[in-house]
Amino acid sequence: MRTQVKAIWTTPLAPFRIADNLYYVGSQDLAAYLVTTPKGNILINANLPSSPAQIKTSVEQLGFRWKDTKILLVGQAHMDHAGGAAQIERETGAQLKVMEYDAEVMQAGGGNDFLMGTGSVQPYSPARVDAVLHDGDTVSLGGVVLTAHRTGGHTRGCTTWTMRVHLPGEPAGKLRDVVIVGGYTQWSDYRLVPSHGRAASYPGIAEDFQHTFDTLRKLPCEVFLADHGEHFGMLAKMNRMAKEGDAVWIDPDGYRAVIDAGEASFQKALAEQQKAAASATR
């Protein structure tokens, strides 16, 4: 359960390149990614309401124009990943494209989030959603294509983004599969099953979580990224870059390990809640 903003979420981090047209522009833990194209740029994640200034600074430090942000995407509709969306829209005019279910949450500024009232989520400024996405939809700009995968549970419309990129120094034409995980954790406030006279957090939440892990396991992944730096060992990998170079981001084993651990945690929580629900009906 989250009740306060962590220092690492707001601590600046020098932006850096991951692939030819993919850059990290987030903080030390709240991830934001810039995808550059000849027709303008795509920003993935708006982060906290206070984050746009930090993200803008990072984009400009890389030599890109903030106003060239044409499309804004998010991985989930929680305040720490979507809270800055309305401001980014105002500053750049970017079109916001959001997965179904999360789209209505962002338009309500988080007020209709299924966890609202638990202390785990906070409201933020409502954002204008220009396009509602569905599982498998693609977002294209300047020859770059990202695919949206609905990986619900953490939020109902939680979205994992995939694309293909070329890593600096690798042979021309060699492309790598990138997976940017939108979120996969469940907190103590998540009700995965009806219990003690209370409904599940939303209908089908347990099935959504299982579908998420099944989906993530099937995605081809070489470059593993996620919503939080801690989820893909970002800071540790950055420390290894001096010796290993850009290849440090190639981490299919780490990706599978995170999925396995996440699913094990989910299955444990589900079993415990199912047991508690069965006991309550005796």
# chains A, B, ... in the order shown; residues from 1 in each chain; ligands from 1

call {"tool": "residues_around", "arguments": {"residues": "segment 224-233 of chain A", "least_positions_apart": "5", "cutoff": "6 Å", "atoms": "only C-alpha atoms", "output": "VMD selection string"}}
result
chain A and resid 29 to 31 179 to 182 251 255

call {"tool": "write_last_selection", "arguments": {"atoms": "all heavy atoms", "output": "short mmCIF file (atom, residue, chain, number, x, y, z; two decimals), in the first residue's frame"}}
result
data_model
loop_
_atom_site.label_atom_id
_atom_site.label_comp_id
_atom_site.auth_asym_id
_atom_site.auth_seq_id
_atom_site.Cartn_x
_atom_site.Cartn_y
_atom_site.Cartn_z
N ASP A 29 13.58 6.45 -9.98
CA ASP A 29 12.76 5.23 -9.93
C ASP A 29 11.50 5.30 -10.79
O ASP A 29 11.12 4.30 -11.37
CB ASP A 29 12.37 4.89 -8.49
CG ASP A 29 11.64 3.56 -8.41
OD1 ASP A 29 12.24 2.54 -8.81
OD2 ASP A 29 10.47 3.54 -7.99
N LEU A 30 10.85 6.45 -10.87
CA LEU A 30 9.65 6.55 -11.69
C LEU A 30 10.07 6.66 -13.16
O LEU A 30 10.65 7.66 -13.57
CB LEU A 30 8.80 7.76 -11.29
CG LEU A 30 7.97 7.61 -10.02
CD1 LEU A 30 7.12 8.86 -9.80
CD2 LEU A 30 7.08 6.37 -10.06
N ALA A 31 9.76 5.63 -13.91
CA ALA A 31 10.26 5.54 -15.28
C ALA A 31 9.41 6.34 -16.25
O ALA A 31 8.18 6.32 -16.20
CB ALA A 31 10.32 4.09 -15.71
N VAL A 179 10.26 -4.76 -24.15
CA VAL A 179 9.03 -4.85 -23.38
C VAL A 179 9.11 -3.83 -22.25
O VAL A 179 10.05 -3.85 -21.45
CB VAL A 179 8.82 -6.26 -22.79
CG1 VAL A 179 7.56 -6.29 -21.92
CG2 VAL A 179 8.70 -7.30 -23.90
N ILE A 180 8.12 -2.93 -22.20
CA ILE A 180 8.01 -1.95 -21.11
C ILE A 180 6.80 -2.35 -20.28
O ILE A 180 5.66 -2.06 -20.65
CB ILE A 180 7.86 -0.52 -21.66
CG1 ILE A 180 9.01 -0.18 -22.62
CG2 ILE A 180 7.83 0.48 -20.49
CD1 ILE A 180 8.86 1.17 -23.30
N VAL A 181 7.05 -3.04 -19.18
CA VAL A 181 5.96 -3.57 -18.34
C VAL A 181 5.24 -2.43 -17.64
O VAL A 181 5.87 -1.56 -17.02
CB VAL A 181 6.53 -4.57 -17.31
CG1 VAL A 181 5.40 -5.09 -16.41
CG2 VAL A 181 7.22 -5.73 -18.03
N GLY A 182 3.91 -2.44 -17.73
CA GLY A 182 3.13 -1.35 -17.15
C GLY A 182 2.89 -1.47 -15.67
O GLY A 182 2.60 -0.48 -14.99
N ASP A 251 18.28 -8.31 -21.25
CA ASP A 251 18.11 -9.05 -20.00
C ASP A 251 16.86 -9.96 -20.04
O ASP A 251 15.94 -9.81 -19.23
CB ASP A 251 18.00 -8.08 -18.82
CG ASP A 251 18.01 -8.76 -17.47
OD1 ASP A 251 18.42 -9.94 -17.40
OD2 ASP A 251 17.60 -8.12 -16.48
N TYR A 255 13.97 -10.63 -17.01
CA TYR A 255 12.55 -10.46 -17.32
C TYR A 255 11.75 -11.66 -16.85
O TYR A 255 10.74 -11.53 -16.15
CB TYR A 255 12.40 -10.26 -18.82
CG TYR A 255 10.98 -10.18 -19.34
CD1 TYR A 255 10.17 -9.09 -19.05
CD2 TYR A 255 10.45 -11.20 -20.14
CE1 TYR A 255 8.88 -9.00 -19.54
CE2 TYR A 255 9.16 -11.12 -20.65
CZ TYR A 255 8.38 -10.01 -20.34
OH TYR A 255 7.10 -9.94 -20.83
#

call {"tool": "residues_around", "arguments": {"residues": "Arg128 of chain A", "least_positions_apart": "6", "cutoff": "8 Å", "atoms": "only C-alpha atoms", "output": "list in words"}}
result
Ala86, Glu89, Leu96, Met106 and Gln107 of chain A

call {"tool": "write_last_selection", "arguments": {"atoms": "N, CA and C atoms", "output": "short mmCIF file (atom, residue, chain, number, x, y, z; two decimals), in the first residue's frame"}}
result
data_model
loop_
_atom_site.label_atom_id
_atom_site.label_comp_id
_atom_site.auth_asym_id
_atom_site.auth_seq_id
_atom_site.Cartn_x
_atom_site.Cartn_y
_atom_site.Cartn_z
N ALA A 86 -2.13 15.83 -17.51
CA ALA A 86 -2.86 17.04 -17.90
C ALA A 86 -1.90 18.20 -18.17
N GLU A 89 -0.07 17.62 -21.46
CA GLU A 89 -0.98 17.94 -22.56
C GLU A 89 -1.00 19.44 -22.83
N LEU A 96 -3.15 12.24 -25.98
CA LEU A 96 -3.08 11.20 -24.96
C LEU A 96 -3.89 9.99 -25.41
N MET A 106 -8.36 8.15 -15.90
CA MET A 106 -7.57 9.36 -16.12
C MET A 106 -8.46 10.56 -16.40
N GLN A 107 -9.56 10.34 -17.08
CA GLN A 107 -10.49 11.45 -17.34
C GLN A 107 -11.15 11.94 -16.07
#

call {"tool": "atom_distance", "arguments": {"atom1": "atom CA of Leu43 of chain A", "atom2": "atom CA of Ala148 of chain A"}}
result
14.0 Å

call {"tool": "select_by_dssp", "arguments": {"residues": "segment 14-199 of chain A", "states": "strand (DSSP E)", "output": "ChimeraX atom specification"}}
result
/A:16-19,22-24,33-37,40-44,69-73,95-99,131-133,138-141,144-150,159-165,176-181

call {"tool": "residues_around", "arguments": {"residues": "Gln61 of chain A", "least_positions_apart": "3", "cutoff": "10 Å", "atoms": "only C-alpha atoms", "output": "list in words"}}
result
Ala14, Pro15, Phe16, Val25, Ile55, Lys56, Thr57, Ser58, Phe64 and Arg65 of chain A

call {"tool": "residues_around", "arguments": {"residues": "Cys221 of chain A", "least_positions_apart": "2", "cutoff": "7 Å", "atoms": "only C-alpha atoms", "output": "ChimeraX atom specification"}}
result
/A:177-179,219,223-224,252

call {"tool": "closest_residue", "arguments": {"among": "A:Met79, A:Asp189, A:Trp249, A:Lys39", "to": "Thr118 of chain A", "atoms": "only C-alpha atoms"}}
result
A:Asp189

call {"tool": "closest_residue", "arguments": {"among": "A:Ala77, A:Val139, A:Leu270, A:Ala277", "to": "His196 of chain A", "atoms": "only C-alpha atoms"}}
result
A:Ala277

call {"tool": "atom_distance", "arguments": {"atom1": "atom CA of Ala261 of chain A", "atom2": "atom CA of Lys275 of chain A"}}
result
21.2 Å

call {"tool": "closest_residue", "arguments": {"among": "A:Val35, A:Val144, A:Ala236, A:Ala206", "to": "Arg156 of chain A", "atoms": "only C-alpha atoms"}}
result
A:Ala206

call {"tool": "select_by_dssp", "arguments": {"residues": "segment 68-225 of chain A", "states": "helix (DSSP H, G or I)", "output": "PyMOL selection string"}}
result
chain A and resi 68+79-82+85-92+102-107+205-218

call {"tool": "write_last_selection", "arguments": {"atoms": "N, CA and C atoms", "output": "short mmCIF file (atom, residue, chain, number, x, y, z; two decimals), in the first residue's frame"}}
result
data_model
loop_
_atom_site.label_atom_id
_atom_site.label_comp_id
_atom_site.auth_asym_id
_atom_site.auth_seq_id
_atom_site.Cartn_x
_atom_site.Cartn_y
_atom_site.Cartn_z
N ASP A 68 7.94 19.02 -29.33
CA ASP A 68 7.90 17.97 -30.34
C ASP A 68 7.29 16.67 -29.80
N MET A 79 -1.67 7.70 -9.84
CA MET A 79 -1.14 9.06 -9.77
C MET A 79 0.36 9.14 -10.04
N ASP A 80 1.13 8.13 -9.61
CA ASP A 80 2.57 8.21 -9.78
C ASP A 80 3.04 7.95 -11.21
N HIS A 81 2.12 7.57 -12.08
CA HIS A 81 2.48 7.36 -13.48
C HIS A 81 1.66 8.21 -14.45
N ALA A 82 0.51 8.71 -13.97
CA ALA A 82 -0.39 9.47 -14.83
C ALA A 82 -0.68 10.87 -14.31
N ALA A 85 -0.09 14.03 -16.51
CA ALA A 85 -0.58 13.99 -17.90
C ALA A 85 -1.25 15.28 -18.34
N ALA A 86 -2.13 15.83 -17.51
CA ALA A 86 -2.86 17.04 -17.90
C ALA A 86 -1.90 18.20 -18.17
N GLN A 87 -0.87 18.34 -17.35
CA GLN A 87 0.09 19.42 -17.55
C GLN A 87 0.89 19.21 -18.83
N ILE A 88 1.30 17.97 -19.08
CA ILE A 88 2.06 17.68 -20.30
C ILE A 88 1.21 17.96 -21.54
N GLU A 89 -0.07 17.62 -21.46
CA GLU A 89 -0.98 17.94 -22.56
C GLU A 89 -1.00 19.44 -22.83
N ARG A 90 -1.13 20.22 -21.75
CA ARG A 90 -1.21 21.67 -21.90
C ARG A 90 0.08 22.25 -22.47
N GLU A 91 1.22 21.72 -22.02
CA GLU A 91 2.50 22.29 -22.42
C GLU A 91 2.94 21.88 -23.83
N THR A 92 2.56 20.69 -24.25
CA THR A 92 3.05 20.17 -25.53
C THR A 92 1.97 20.02 -26.59
N ASP A 102 -8.61 2.24 -18.04
CA ASP A 102 -7.75 3.28 -17.47
C ASP A 102 -8.09 4.64 -18.06
N ALA A 103 -8.62 4.67 -19.28
CA ALA A 103 -8.98 5.94 -19.91
C ALA A 103 -10.00 6.69 -19.06
N GLU A 104 -11.03 5.99 -18.59
CA GLU A 104 -12.06 6.66 -17.80
C GLU A 104 -11.53 7.09 -16.44
N VAL A 105 -10.54 6.38 -15.93
CA VAL A 105 -9.93 6.76 -14.65
C VAL A 105 -9.13 8.05 -14.82
N MET A 106 -8.36 8.15 -15.90
CA MET A 106 -7.57 9.36 -16.12
C MET A 106 -8.46 10.56 -16.40
N GLN A 107 -9.56 10.34 -17.08
CA GLN A 107 -10.49 11.45 -17.34
C GLN A 107 -11.15 11.94 -16.07
N ILE A 205 -10.86 -9.45 -11.46
CA ILE A 205 -9.51 -8.98 -11.17
C ILE A 205 -8.50 -10.13 -11.08
N ALA A 206 -8.89 -11.24 -10.45
CA ALA A 206 -7.96 -12.37 -10.34
C ALA A 206 -7.65 -12.94 -11.73
N GLU A 207 -8.67 -13.02 -12.56
CA GLU A 207 -8.47 -13.53 -13.91
C GLU A 207 -7.57 -12.58 -14.72
N ASP A 208 -7.75 -11.27 -14.49
CA ASP A 208 -6.90 -10.30 -15.18
C ASP A 208 -5.44 -10.45 -14.78
N PHE A 209 -5.19 -10.61 -13.49
CA PHE A 209 -3.81 -10.79 -13.04
C PHE A 209 -3.19 -12.04 -13.68
N GLN A 210 -3.95 -13.13 -13.70
CA GLN A 210 -3.41 -14.35 -14.29
C GLN A 210 -3.16 -14.17 -15.78
N HIS A 211 -4.09 -13.49 -16.45
CA HIS A 211 -3.92 -13.21 -17.88
C HIS A 211 -2.67 -12.36 -18.11
N THR A 212 -2.42 -11.43 -17.20
CA THR A 212 -1.23 -10.57 -17.32
C THR A 212 0.05 -11.39 -17.31
N PHE A 213 0.16 -12.29 -16.34
CA PHE A 213 1.39 -13.09 -16.27
C PHE A 213 1.50 -14.03 -17.46
N ASP A 214 0.37 -14.57 -17.91
CA ASP A 214 0.39 -15.43 -19.10
C ASP A 214 0.84 -14.63 -20.33
N THR A 215 0.33 -13.39 -20.44
CA THR A 215 0.68 -12.54 -21.58
C THR A 215 2.15 -12.16 -21.54
N LEU A 216 2.63 -11.72 -20.39
CA LEU A 216 4.02 -11.30 -20.27
C LEU A 216 4.97 -12.44 -20.60
N ARG A 217 4.59 -13.64 -20.19
CA ARG A 217 5.46 -14.80 -20.43
C ARG A 217 5.57 -15.11 -21.92
N LYS A 218 4.55 -14.78 -22.68
CA LYS A 218 4.55 -15.09 -24.11
C LYS A 218 5.25 -14.02 -24.96
#

call {"tool": "closest_residue", "arguments": {"among": "A:Gly245, A:Gly157, A:Gly84, A:Pro49", "to": "Val132 of chain A", "atoms": "only C-alpha atoms"}}
result
A:Gly157

call {"tool": "atom_distance", "arguments": {"atom1": "atom CA of Arg17 of chain A", "atom2": "atom CA of Gly169 of chain A"}}
result
12.6 Å

call {"tool": "closest_residue", "arguments": {"among": "A:Gln54, A:Gln274, A:Leu34, A:His78", "to": "Ser120 of chain A", "atoms": "only C-alpha atoms"}}
result
A:His78
